[in-house]
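Source file: my_file_39.cif. Holds: mmCIF, C-alpha atoms.
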data_start
loop_
_atom_site.label_atom_id
_atom_site.label_comp_id
_atom_site.auth_asym_id
_atom_site.auth_seq_id
_atom_site.Cartn_x
_atom_site.Cartn_y
_atom_site.Cartn_z
CA MET A 7 -14.73 -33.65 21.31
CA THR A 8 -13.23 -35.71 18.51
CA LEU A 9 -10.37 -34.63 16.29
CA ASN A 10 -12.81 -34.37 13.39
CA GLU A 11 -15.06 -32.09 15.47
CA THR A 12 -12.01 -29.99 16.37
CA TYR A 13 -11.25 -29.51 12.68
CA ASP A 14 -14.87 -28.54 12.06
CA LYS A 15 -14.77 -26.03 14.92
CA MET A 16 -11.60 -24.35 13.69
CA GLY A 17 -12.57 -24.37 10.02
CA GLY A 18 -10.02 -26.97 8.99
CA ASN A 19 -10.27 -29.96 6.69
CA TYR A 20 -10.00 -33.23 8.62
CA LYS A 21 -10.57 -35.43 5.58
CA ASP A 22 -7.64 -33.76 3.82
CA VAL A 23 -5.22 -34.02 6.75
CA ILE A 24 -6.06 -37.64 7.53
CA GLY A 25 -5.52 -38.44 3.86
CA ARG A 26 -2.09 -36.84 4.08
CA PHE A 27 -0.96 -38.34 7.41
CA TYR A 28 -2.91 -41.64 7.26
CA SER A 29 -3.01 -41.71 11.06
CA GLN A 30 -5.10 -39.85 13.60
CA ASP A 31 -2.26 -40.24 16.10
CA LEU A 32 0.16 -38.40 13.78
CA VAL A 33 -2.34 -35.64 13.08
CA GLU A 34 -2.98 -35.25 16.79
CA ARG A 35 0.72 -35.19 17.65
CA PHE A 36 1.50 -32.42 15.15
CA LEU A 37 -1.70 -30.46 15.74
CA LYS A 38 -1.01 -30.31 19.48
CA LYS A 39 2.35 -28.66 18.70
CA PHE A 40 0.78 -25.92 16.59
CA PRO A 41 0.04 -23.42 19.42
CA ASP A 42 3.69 -23.57 20.54
CA ASP A 43 5.17 -22.91 17.11
CA PRO A 44 6.91 -19.49 17.19
CA SER A 45 5.92 -18.44 13.64
CA TYR A 46 2.79 -16.57 14.72
CA SER A 47 4.53 -14.54 17.41
CA GLU A 48 7.40 -13.87 15.00
CA LEU A 49 4.86 -12.59 12.48
CA LEU A 50 3.37 -10.18 15.00
CA GLU A 51 6.81 -8.99 16.09
CA ALA A 52 7.88 -8.43 12.48
CA PHE A 53 4.80 -6.30 11.76
CA GLU A 54 5.38 -4.33 14.95
CA ALA A 55 8.99 -3.69 13.89
CA GLY A 56 8.01 -2.93 10.28
CA ASP A 57 10.35 -5.69 9.09
CA VAL A 58 8.96 -6.90 5.78
CA LYS A 59 11.55 -9.65 5.31
CA ALA A 60 10.96 -11.16 8.77
CA ALA A 61 7.19 -10.86 8.26
CA PHE A 62 7.51 -12.67 4.94
CA CYS A 63 9.54 -15.47 6.49
CA ALA A 64 7.12 -15.90 9.39
CA SER A 65 3.99 -15.78 7.22
CA HIS A 66 5.50 -18.20 4.73
CA THR A 67 6.42 -20.65 7.48
CA LEU A 68 3.03 -20.38 9.18
CA LYS A 69 1.25 -20.84 5.84
CA GLY A 70 3.26 -24.01 5.19
CA ILE A 71 2.40 -25.44 8.59
CA CYS A 72 -1.27 -24.65 8.04
CA GLN A 73 -1.19 -26.30 4.62
CA SER A 74 0.45 -29.42 6.04
CA LEU A 75 -2.11 -29.66 8.84
CA SER A 76 -5.07 -28.61 6.62
CA ILE A 77 -5.88 -25.63 8.82
CA SER A 78 -7.95 -24.21 6.00
CA ASN A 79 -9.29 -21.14 7.79
CA LEU A 80 -5.77 -19.69 7.91
CA ILE A 81 -4.40 -20.80 4.55
CA GLN A 82 -6.04 -18.21 2.29
CA PRO A 83 -5.34 -15.07 4.34
CA LEU A 84 -1.76 -16.26 4.93
CA ARG A 85 -1.31 -17.05 1.23
CA THR A 86 -2.41 -13.55 0.28
CA MET A 87 -0.34 -11.99 3.06
CA THR A 88 2.75 -13.94 2.03
CA GLU A 89 2.46 -12.82 -1.59
CA LEU A 90 2.01 -9.19 -0.56
CA LEU A 91 5.07 -9.42 1.66
CA ARG A 92 7.03 -11.10 -1.13
CA ALA A 93 6.26 -7.96 -3.14
CA GLU A 94 7.31 -5.87 -0.11
CA LYS A 95 3.82 -4.41 0.33
CA LEU A 96 3.94 -4.30 4.12
CA GLU A 97 0.94 -2.04 4.70
CA GLU A 98 -1.31 -4.01 2.36
CA ALA A 99 -0.25 -7.21 4.11
CA ARG A 100 -0.84 -5.58 7.50
CA ALA A 101 -4.48 -5.05 6.51
CA LEU A 102 -4.89 -8.85 6.59
CA LEU A 103 -3.50 -9.12 10.11
CA PRO A 104 -6.88 -8.81 11.91
CA GLN A 105 -8.28 -11.70 9.86
CA VAL A 106 -5.20 -13.83 10.55
CA GLN A 107 -5.36 -12.97 14.26
CA THR A 108 -9.04 -13.89 14.48
CA GLN A 109 -8.63 -17.19 12.67
CA TYR A 110 -5.47 -18.03 14.60
CA GLY A 111 -7.36 -17.45 17.85
CA ILE A 112 -10.22 -19.71 16.75
CA THR A 113 -7.74 -22.40 15.75
CA VAL A 114 -5.69 -22.32 18.94
CA GLU A 115 -8.82 -22.26 21.10
CA ALA A 116 -10.19 -25.35 19.35
CA ILE A 117 -6.86 -27.18 19.67
CA ARG A 118 -6.53 -26.33 23.36
CA GLU A 119 -10.09 -27.44 24.03
CA TYR A 120 -9.34 -30.73 22.29
CA CYS A 121 -6.14 -31.16 24.33
CA GLU A 122 -7.97 -30.51 27.59
CA LYS A 123 -10.64 -33.09 26.80
CA THR A 124 -8.26 -35.78 25.58
CA GLU A 125 -5.66 -35.43 28.33
CA LYS A 126 -8.11 -36.08 31.18
#

Mind turning this structure into structure tokens?
Amino acid sequence: MTLNETYDKMGGNYKDVIGRFYSQDLVERFLKKFPDDPSYSELLEAFEAGDVKAAFCASHTLKGICQSLSISNLIQPLRTMTELLRAEKLEEARALLPQVQTQYGITVEAIREYCEKTEK
């Protein structure tokens, strides 16, 4: 599986990210770190605790990472979630959580599959 195919599988935009980073090696290096970033787990914990400020911070951070890496499938739901949390609309933002969880799972699975195939 190529990096471009990985982006296709996860619903990202390879052309955009390679235009930003100018190097497949840089994209690969940062993309491989994505599953270990704590923002997603912090987001889940904040929703579980009902902490709108922590949820905002985590969603905003995760959205920024996704924008930088052109992980397009997560950008829109995180953008909407972040704005709802900015307005302290926790329950409305929570309604987007299943979509974020699904897309996050697809993304991480594609990245891990890529890592497995390239590290052999």

Name every residue that the PyMOL selection byres ((chain A and resi 75) around 8) selects in this structure, writing the answer as number ranges by chain with chains first and numbers rising.
-> A: 23, 33, 36-37, 71-74, 76-77

Selection under test: the PyMOL selection byres ((chain A and resi 110-114) around 9); residues as a VMD selection string = chain A and resid 12 to 13 15 to 18 40 to 41 46 77 79 to 80 105 to 109 115 to 119

Neighbour list for Ser45 of chain A as a PyMOL selection string, cut-off 12 Å, all atoms listed in the file, skip fewer than 5 positions in-chain | chain A and resi 39-40+50-52+60-72+84+110

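Here the question is which of A:Glu48, A:Asp57, A:Glu94, A:Glu125 gets nearest to Glu34 of chain A using only C-alpha atoms, and that residue is A:Glu125.
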
Any idea what the distance is between atom CA of Gln30 of chain A and atom CA of Pro83 of chain A?
-> 26.5 Å

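Closest approach to Ser78 of chain A among A:Leu9, A:Ala93, A:Tyr20, A:Phe27: A:Tyr20, based on all atoms listed in the file.
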
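We find atom CA of Gly56 of chain A and atom CA of Lys95 of chain A to be spaced 10.9 Å apart.
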
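If you measure from each of A:Met7, A:Leu49, A:Val58, A:Ile24 to Leu90 of chain A using all atoms listed in the file, the closest one turns out to be A:Val58.
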
Separating atom CA of Gln82 of chain A from atom CA of Gly25 of chain A, to the nearest tenth of an Å, is a gap of 20.3 Å
